[in-house]
Amino acid sequence: MRMAIAALATAARAAAPIKAPPASPLQPFTVRGRSILVKRDDRYALPGALSGVAGNKARKLYGLYKRGFGDAKAVASLGGHQSNAFPCIAALCRAFDLPFYFVCKPVPRWLRQNPAGNYARALALGAELVPLKPDDYRRCVADEKWRSQLLKDVAGVSQVAWVPQGAASRDAEAGVAMLAAELVEDLKEYANARVVVPAGTGTTALFLARHLRDADIEVCAAPCATSSVELKRQMTVLDDASGAIGAFPTILQAPPYRFGAPDERVLATWRELAASGLHVDLVYAPAAFETLLQTVDDRPQCYVHCGGNAGVATQLNRYRHAGLLGVKEIE
């Protein structure tokens with residue numbers, strides 16, 4: 001029955017035109033005495049029932065939203081328990097009435113007992129967890145054949161669509177191409193602008209550089225989750241899988257933060273941005289914005305705000321447990 005409903009939903013969507021979301025605004029902020037243009041992609045969202053799919057993930061998932069999952073009877077992905085992509089892919093699967101399986105490492109007992117943040121939102125949207133021991137988790141990442149069999153066994157069907165971690169795939173190009181077109185329009189009065197993008201897998205930065213390669217705009221990736229060398233490797237793999245265009249962003253030298261770990265420097269930058277009126281997440285944006293400020297030059301500077309603010313409360317709790325925040329500060 002569920003498969004029949006999913007087929008009808010896909011057919012109905014195919015018959016109806018898919019409208020692109022409206023462009024996100026460009027807004028100036030002053031930080032450390034510098035005027036920074038901020039592309040407010042935190043305000044960009046898919047339409048209708050998918051309005052909760054916002055920011056960078058709305059860009060990355062727009063292509064899947066538009067084309068659907070074909071003949072797949074289930075969908076699966078992989079990542080961290082508080083991944084921004086986790087509830088977004090879950091919401092997309094619910095819209096297509098397809099079961100969604102999320103491969104992850106074992107869930108900490110405290111999180112199982114008190115679901116919070118993106119983890120809680122994804123479960124509420126019907127996501128089913130596939131927790132694996134660390135060795136099996138790594139194998140799931142590296143061994144496509146082993147992963148395919150695992151997912152067939154878990155889902156009980158042979159046709160399982162796979163969405164790579166963080167939605168880092170060629171399907172992300174359609175939404176990012178739209179972002180590039182918006183930036184060309186936004187920055188037409190700012191000659192030789194520099195656009196800085198927070199980079200986890202580098203998907204947004206890669207496709208943005210691809211679609212702005214003929215524009216008077218330099219795209220820069222601020223590494224947030226890995227080293228510059230690993231970031232370039234991941235972008236090269238994705239470039240090869242999506243046409244091998246060979247247009248890459250400039251990779252900036254980032255401060256030596258440990259990704260996702262509570263850090264007084266990250267918190268200080270986050271507070272500084274909030275004081276300027278710009279509210280951001282506590283994982284990617286402070287590190288990326290600090291990279292922008294430490295490498296700033298005389299050109300017009302534009303920062304792409306990728307969203308992720310929904311996870312701030314959970315992130316603040318981590319800072320409290322680390323002794324870097326008091327309870328009253330979180331409130």
# chains A, B, ... in the order shown; residues from 1 in each chain; ligands from 1
>>> closest_atom_pairs(of="segment 31-51 of chain A", to="segment 299-307 of chain A", cutoff="9 Å", atoms="only C-alpha atoms", output="JSON lines")
{"residue": "A:Arg34", "atom": "CA", "partner": "A:Gln301", "partner_atom": "CA", "distance": 9.0}
{"residue": "A:Ser35", "atom": "CA", "partner": "A:Gln301", "partner_atom": "CA", "distance": 7.6}
{"residue": "A:Ile36", "atom": "CA", "partner": "A:Gln301", "partner_atom": "CA", "distance": 5.4}
{"residue": "A:Leu37", "atom": "CA", "partner": "A:Cys302", "partner_atom": "CA", "distance": 4.5}
{"residue": "A:Val38", "atom": "CA", "partner": "A:Tyr303", "partner_atom": "CA", "distance": 4.8}
{"residue": "A:Lys39", "atom": "CA", "partner": "A:Val304", "partner_atom": "CA", "distance": 4.8}
{"residue": "A:Arg40", "atom": "CA", "partner": "A:His305", "partner_atom": "CA", "distance": 5.3}
{"residue": "A:Asp41", "atom": "CA", "partner": "A:Cys306", "partner_atom": "CA", "distance": 5.3}
{"residue": "A:Asp42", "atom": "CA", "partner": "A:Gly307", "partner_atom": "CA", "distance": 3.9}
{"residue": "A:Arg43", "atom": "CA", "partner": "A:Gly307", "partner_atom": "CA", "distance": 7.5}
{"residue": "A:Tyr44", "atom": "CA", "partner": "A:Gly307", "partner_atom": "CA", "distance": 8.6}
>>> closest_atom_pairs(of="segment 220-285 of chain A", to="segment 162-177 of chain A", cutoff="10 Å", atoms="only C-alpha atoms", output="Markdown table")
| residue | atom | partner | partner_atom | distance |
| --- | --- | --- | --- | --- |
| A:Gln234 | CA | A:Ala168 | CA | 9.4 |
| A:Met235 | CA | A:Ala168 | CA | 9.5 |
| A:Val237 | CA | A:Ser169 | CA | 9.9 |
| A:Leu238 | CA | A:Ser169 | CA | 6.7 |
| A:Asp239 | CA | A:Arg170 | CA | 8.4 |
| A:Asp240 | CA | A:Arg170 | CA | 9.9 |
| A:Ala241 | CA | A:Arg170 | CA | 7.1 |
| A:Ser242 | CA | A:Arg170 | CA | 5.5 |
| A:Gly243 | CA | A:Arg170 | CA | 9.0 |
>>> closest_residue(among="A:Thr201, A:Ser148, A:Gln253, A:Gln27", to="Leu293 of chain A", atoms="only C-alpha atoms")
A:Gln253
>>> residues_around(residues="Val197 of chain A", least_positions_apart="3", cutoff="12 Å", atoms="only C-alpha atoms", output="PyMOL selection string")
chain A and resi 38-41+56+176+179-180+194+200-209+218-224+249-252+284-292+301-307
>>> closest_residue(among="A:Ile217, A:Ala254, A:Leu92, A:Ala244", to="Leu231 of chain A", atoms="only C-alpha atoms")
A:Ala254
>>> residues_around(residues="Asp281 of chain A", least_positions_apart="3", cutoff="6 Å", atoms="only C-alpha atoms", output="number ranges by chain")
A: 285, 308-309, 312
>>> closest_residue(among="A:Pro22, A:Asp263, A:Ile89, A:Asp71", to="Glu128 of chain A", atoms="only C-alpha atoms")
A:Ile89
>>> residues_around(residues="segment 314-329 of chain A", least_positions_apart="2", cutoff="9 Å", atoms="only C-alpha atoms", output="list in words")
Gln82, Ala116, Gly117, Asn118, Gly260, Ala261, Pro262, Asp263, Glu264, Leu267, Asp281, Leu282, Val283, Ala310, Gly311, Val312 and Glu331 of chain A
>>> write_last_selection(atoms="C-alpha atoms", output="PDB file, in the first residue's frame")
ATOM      1  CA  GLN A  82      22.989  15.978  14.711  1.00  0.00           C
ATOM      2  CA  ALA A 116      17.014  16.741  20.954  1.00  0.00           C
ATOM      3  CA  GLY A 117      17.990  18.904  18.003  1.00  0.00           C
ATOM      4  CA  ASN A 118      18.238  17.523  14.478  1.00  0.00           C
ATOM      5  CA  GLY A 260      32.271  20.474  16.233  1.00  0.00           C
ATOM      6  CA  ALA A 261      34.130  20.555  19.555  1.00  0.00           C
ATOM      7  CA  PRO A 262      33.233  23.327  22.044  1.00  0.00           C
ATOM      8  CA  ASP A 263      35.890  26.018  21.719  1.00  0.00           C
ATOM      9  CA  GLU A 264      36.166  29.401  23.438  1.00  0.00           C
ATOM     10  CA  LEU A 267      32.048  30.936  20.963  1.00  0.00           C
ATOM     11  CA  ASP A 281      25.116  28.213  13.894  1.00  0.00           C
ATOM     12  CA  LEU A 282      27.876  27.228  16.315  1.00  0.00           C
ATOM     13  CA  VAL A 283      29.683  24.658  14.175  1.00  0.00           C
ATOM     14  CA  ALA A 310      17.964  25.148  14.240  1.00  0.00           C
ATOM     15  CA  GLY A 311      20.793  23.261  15.919  1.00  0.00           C
ATOM     16  CA  VAL A 312      22.021  26.172  18.048  1.00  0.00           C
ATOM     17  CA  GLU A 331      18.230  30.852  28.550  1.00  0.00           C
TER      18      GLU A 331
END
>>> select_by_dssp(residues="segment 112-198 of chain A", states="strand (DSSP E)", output="VMD selection string")
chain A and resid 128 to 131 160 to 162 193 to 198
>>> write_last_selection(atoms="N, CA, C and O atoms", output="tab-separated table (two decimals), in the first residue's frame")
chain	number	residue	atom	x	y	z
A	128	GLU	N	14.26	6.14	10.37
A	128	GLU	CA	14.62	4.93	11.12
A	128	GLU	C	16.14	4.80	11.15
A	128	GLU	O	16.80	4.92	10.11
A	129	LEU	N	16.68	4.57	12.33
A	129	LEU	CA	18.12	4.51	12.50
A	129	LEU	C	18.69	3.13	12.18
A	129	LEU	O	18.05	2.11	12.44
A	130	VAL	N	19.89	3.16	11.61
A	130	VAL	CA	20.66	1.93	11.39
A	130	VAL	C	22.01	2.15	12.09
A	130	VAL	O	23.01	2.49	11.45
A	131	PRO	N	22.06	1.97	13.41
A	131	PRO	CA	23.32	2.22	14.12
A	131	PRO	C	24.32	1.09	13.89
A	131	PRO	O	23.98	-0.09	13.97
A	160	VAL	N	16.77	0.65	-3.14
A	160	VAL	CA	16.99	1.65	-2.09
A	160	VAL	C	17.83	2.78	-2.67
A	160	VAL	O	18.98	2.56	-3.08
A	161	ALA	N	17.28	3.98	-2.72
A	161	ALA	CA	18.03	5.14	-3.22
A	161	ALA	C	19.01	5.60	-2.15
A	161	ALA	O	18.66	5.70	-0.98
A	162	TRP	N	20.23	5.90	-2.57
A	162	TRP	CA	21.28	6.30	-1.63
A	162	TRP	C	21.57	7.80	-1.80
A	162	TRP	O	21.86	8.26	-2.90
A	193	ALA	N	34.23	40.83	-6.71
A	193	ALA	CA	33.85	40.41	-5.35
A	193	ALA	C	34.45	39.05	-5.00
A	193	ALA	O	34.74	38.23	-5.87
A	194	ARG	N	34.64	38.85	-3.71
A	194	ARG	CA	35.10	37.56	-3.19
A	194	ARG	C	33.96	36.95	-2.38
A	194	ARG	O	33.43	37.58	-1.47
A	195	VAL	N	33.57	35.72	-2.72
A	195	VAL	CA	32.49	35.02	-2.03
A	195	VAL	C	33.08	33.89	-1.21
A	195	VAL	O	33.75	33.01	-1.76
A	196	VAL	N	32.83	33.90	0.10
A	196	VAL	CA	33.37	32.87	0.99
A	196	VAL	C	32.23	31.94	1.42
A	196	VAL	O	31.18	32.40	1.87
A	197	VAL	N	32.47	30.64	1.28
A	197	VAL	CA	31.47	29.62	1.58
A	197	VAL	C	32.00	28.67	2.65
A	197	VAL	O	33.11	28.15	2.50
A	198	PRO	N	31.26	28.42	3.73
A	198	PRO	CA	31.68	27.37	4.68
A	198	PRO	C	31.72	26.03	3.96
A	198	PRO	O	30.80	25.72	3.18
>>> atom_distance(atom1="atom CA of Arg59 of chain A", atom2="atom CA of Ala225 of chain A")
19.3 Å
>>> residues_around(residues="Ala74 of chain A", least_positions_apart="3", cutoff="12 Å", atoms="only C-alpha atoms", output="number ranges by chain")
A: 2-3, 6-7, 68-71, 77, 89-90, 92-94, 96-102, 127-128, 151-163
>>> write_last_selection(atoms="N, CA, C and O atoms", output="compact mmCIF listing (two decimals), in the first residue's frame")
# COMPACT_ATOMS: atom_id res chain seq x y z
N ARG A 2 1.88 1.26 0.88
CA ARG A 2 2.74 2.45 0.95
C ARG A 2 3.44 2.71 -0.38
O ARG A 2 3.61 3.85 -0.80
N MET A 3 3.89 1.62 -1.06
CA MET A 3 4.57 1.77 -2.33
C MET A 3 3.62 2.35 -3.38
O MET A 3 4.01 3.17 -4.21
N ALA A 6 3.22 6.00 -2.72
CA ALA A 6 4.43 6.71 -3.14
C ALA A 6 4.45 6.90 -4.66
O ALA A 6 4.83 7.96 -5.16
N ALA A 7 4.01 5.87 -5.39
CA ALA A 7 3.97 5.96 -6.85
C ALA A 7 2.98 7.03 -7.29
O ALA A 7 3.25 7.81 -8.22
N GLY A 68 12.71 13.64 -7.94
CA GLY A 68 12.19 12.51 -7.18
C GLY A 68 13.19 11.36 -7.10
O GLY A 68 14.35 11.50 -7.50
N PHE A 69 12.72 10.23 -6.60
CA PHE A 69 13.60 9.08 -6.36
C PHE A 69 13.36 7.94 -7.34
O PHE A 69 13.77 6.80 -7.10
N GLY A 70 12.70 8.22 -8.45
CA GLY A 70 12.50 7.19 -9.47
C GLY A 70 11.72 6.00 -8.96
O GLY A 70 10.66 6.15 -8.32
N ASP A 71 12.25 4.80 -9.20
CA ASP A 71 11.57 3.56 -8.81
C ASP A 71 11.95 3.08 -7.41
O ASP A 71 11.58 1.97 -7.01
N SER A 77 20.62 7.22 3.90
CA SER A 77 21.76 8.11 3.91
C SER A 77 22.60 7.79 5.14
O SER A 77 22.32 6.81 5.85
N ILE A 89 16.57 15.41 4.82
CA ILE A 89 16.31 14.25 3.95
C ILE A 89 15.08 13.50 4.46
O ILE A 89 14.27 13.00 3.67
N ALA A 90 14.92 13.44 5.78
CA ALA A 90 13.74 12.79 6.35
C ALA A 90 12.46 13.49 5.89
O ALA A 90 11.46 12.85 5.55
N LEU A 92 12.08 15.26 3.14
CA LEU A 92 11.90 15.00 1.71
C LEU A 92 11.29 13.62 1.50
O LEU A 92 10.38 13.44 0.68
N CYS A 93 11.78 12.63 2.25
CA CYS A 93 11.24 11.28 2.13
C CYS A 93 9.77 11.21 2.55
O CYS A 93 8.97 10.51 1.93
N ARG A 94 9.44 11.94 3.59
CA ARG A 94 8.03 11.97 4.02
C ARG A 94 7.16 12.56 2.91
O ARG A 94 6.05 12.06 2.66
N PHE A 96 7.59 12.31 -0.20
CA PHE A 96 7.45 11.29 -1.24
C PHE A 96 6.86 9.99 -0.70
O PHE A 96 6.73 9.01 -1.43
N ASP A 97 6.52 9.98 0.60
CA ASP A 97 5.96 8.81 1.27
C ASP A 97 6.84 7.58 1.09
O ASP A 97 6.38 6.48 0.77
N LEU A 98 8.14 7.80 1.31
CA LEU A 98 9.11 6.72 1.22
C LEU A 98 9.79 6.53 2.58
O LEU A 98 10.13 7.52 3.24
N PRO A 99 10.00 5.30 3.02
CA PRO A 99 10.72 5.08 4.28
C PRO A 99 12.17 5.55 4.15
O PRO A 99 12.78 5.43 3.09
N PHE A 100 12.68 6.10 5.24
CA PHE A 100 14.03 6.65 5.24
C PHE A 100 14.86 5.99 6.33
O PHE A 100 14.47 5.99 7.51
N TYR A 101 16.01 5.44 5.94
CA TYR A 101 16.91 4.77 6.87
C TYR A 101 18.21 5.57 6.96
O TYR A 101 18.82 5.91 5.93
N PHE A 102 18.61 5.84 8.19
CA PHE A 102 19.79 6.67 8.40
C PHE A 102 20.87 5.87 9.11
O PHE A 102 20.71 5.46 10.26
N ALA A 127 12.18 9.03 10.40
CA ALA A 127 13.46 8.39 10.08
C ALA A 127 13.70 7.17 10.96
O ALA A 127 13.36 7.17 12.15
N GLU A 128 14.26 6.14 10.37
CA GLU A 128 14.62 4.93 11.12
C GLU A 128 16.14 4.80 11.15
O GLU A 128 16.80 4.92 10.11
N LEU A 151 21.63 -2.39 3.20
CA LEU A 151 20.41 -1.60 3.11
C LEU A 151 19.24 -2.41 2.54
O LEU A 151 18.09 -2.23 2.96
N LYS A 152 19.53 -3.31 1.64
CA LYS A 152 18.47 -4.20 1.15
C LYS A 152 17.93 -5.06 2.28
O LYS A 152 16.72 -5.26 2.41
N ASP A 153 18.83 -5.56 3.12
CA ASP A 153 18.41 -6.40 4.24
C ASP A 153 17.61 -5.58 5.26
O ASP A 153 16.58 -6.05 5.78
N VAL A 154 18.06 -4.37 5.53
CA VAL A 154 17.39 -3.52 6.53
C VAL A 154 16.02 -3.08 6.04
O VAL A 154 15.02 -3.14 6.77
N ALA A 155 15.96 -2.62 4.78
CA ALA A 155 14.71 -2.08 4.24
C ALA A 155 13.74 -3.16 3.78
O ALA A 155 12.53 -2.92 3.69
N GLY A 156 14.27 -4.35 3.47
CA GLY A 156 13.40 -5.43 3.00
C GLY A 156 12.97 -5.24 1.56
O GLY A 156 12.02 -5.88 1.11
N VAL A 157 13.63 -4.36 0.82
CA VAL A 157 13.33 -4.14 -0.60
C VAL A 157 14.67 -4.04 -1.33
O VAL A 157 15.71 -3.75 -0.74
N SER A 158 14.64 -4.27 -2.64
CA SER A 158 15.88 -4.27 -3.41
C SER A 158 16.24 -2.90 -3.96
O SER A 158 17.40 -2.65 -4.29
N GLN A 159 15.26 -2.01 -4.08
CA GLN A 159 15.49 -0.70 -4.69
C GLN A 159 15.55 0.38 -3.60
O GLN A 159 14.53 0.93 -3.19
N VAL A 160 16.77 0.65 -3.14
CA VAL A 160 16.99 1.65 -2.09
C VAL A 160 17.83 2.78 -2.67
O VAL A 160 18.98 2.56 -3.08
N ALA A 161 17.28 3.98 -2.72
CA ALA A 161 18.03 5.14 -3.22
C ALA A 161 19.01 5.60 -2.15
O ALA A 161 18.66 5.70 -0.98
N TRP A 162 20.23 5.90 -2.57
CA TRP A 162 21.28 6.30 -1.63
C TRP A 162 21.57 7.80 -1.80
O TRP A 162 21.86 8.26 -2.90
N VAL A 163 21.47 8.54 -0.70
CA VAL A 163 21.84 9.95 -0.69
C VAL A 163 23.16 10.06 0.08
O VAL A 163 23.19 9.77 1.28
>>> select_by_dssp(residues="segment 22-163 of chain A", states="helix (DSSP H, G or I)", output="VMD selection string")
chain A and resid 41 to 43 48 to 50 55 to 67 85 to 95 109 to 113 117 to 124 134 to 142 144 to 155
>>> residues_around(residues="Glu185 of chain A", least_positions_apart="6", cutoff="12 Å", atoms="only C-alpha atoms", output="list in words")
Ala23, Ser24, Pro25, Leu26, Lys39, Met178, Leu179, Ala191, Leu212, Ala215, Asp216 and Ile217 of chain A
